[in-house]
Amino acid sequence: MNSNFETFIQRAEQLMARIEAVLPGPLAAPDWSQTMAWRYRKRASGHGVLEPVRQVAPMRLQDLQEIDAQKKKVQRNTEQFVRGRTANNMLLTGARGTGKSSLIRACLHAYADQGLRLIEVDKADLTDLPDIVEVVASRPEKFIIYCDDLSFEEGEGGYKALKSILDGSVAAATPNVLIYATSNRRHLLPEQMKDNLSYSTSADGEIHPGEVVEEKISLSERFGLWVSFYPFSQEEYLAIVAQWLAALGVAQADIEAARPEALVWALERGSRSGRVALQFARDYAGRQAA
């Protein structure tokens, strides 16, 4: 009888060990000396890990042209943060390809030697933000938690977690973490005409549906600093093309000759953005080298 009981206990312990092995555990801190940037990833098992980004794409602040006002704001806020002064969470919004994410990457390179680090988090994983903040809270480095192309649809879980981290949760506040996000739209949740019907009930019986508008706008307002980016004019686009061509070693005479091709390139893509300018410069410089 005792033998059977002992066998049962052993099997139960083995089963519990197997269950514990597959259950998500607390987020482990990586070797922070490996790199300046990490990505937060969820494994199929549900375990979250901070993966080092071995090769961070190079970008210098001086490489980013025609966005001087935006660059000044972002650089000033980041410098205050790195120096231990008060700084704001930041939302960069506007036209695609105008340098929002590139500007954040350039700041990382500019201030990495002063202790700036970056953790990229997909919006689907924002529910784990408290765990990430807890891991880095006691570190001496300054961490930007970066979310690219941020927007939410109704009912997505990351919305409330981000809102709590930005402003509202006392436990979430830590002086060595800021949130930097980019988005093509300033209001991060979709707004509908029916949300404005505050004088009547909504289809599902809500008494004050007009307050939904305030709720949807409130997430954006929790970012202390908004930086807006705008489509480039033709001359601004050509100036960016010239800057990238020069950076890639193209001769000045060839840069002038490339202007018509650069305009056609932008016309074919329906956009005069910094991204399009860089893509053209890479193509043109590659053909010149041949």
# chains A, B, ... in the order shown; residues from 1 in each chain; ligands from 1
>>> residues_around(residues="segment 275-278 of chain A", least_positions_apart="2", cutoff="7 Å", atoms="only C-alpha atoms", output="list in words")
Gly97, Thr98, Tyr237, Ile240, Val241, Trp244, Ala266, Arg272, Ser273, Phe280, Ala281 and Arg282 of chain A
>>> residues_around(residues="Trp226 of chain A", least_positions_apart="5", cutoff="9 Å", atoms="only C-alpha atoms", output="list of chain:residue names")
A:Asn89, A:Met90, A:Leu91, A:Leu92, A:Thr93, A:Arg186, A:Ser220, A:Glu221
>>> residues_around(residues="Gln55 of chain A", least_positions_apart="4", cutoff="10 Å", atoms="only C-alpha atoms", output="MDAnalysis selection string")
chainID A and resid 35:37
>>> residues_around(residues="Arg222 of chain A", least_positions_apart="6", cutoff="10 Å", atoms="only C-alpha atoms", output="MDAnalysis selection string")
chainID A and resid 88:91 162:168
>>> closest_residue(among="A:Arg85, A:Arg76, A:Arg117, A:Arg11", to="Val56 of chain A", atoms="only C-alpha atoms")
A:Arg117
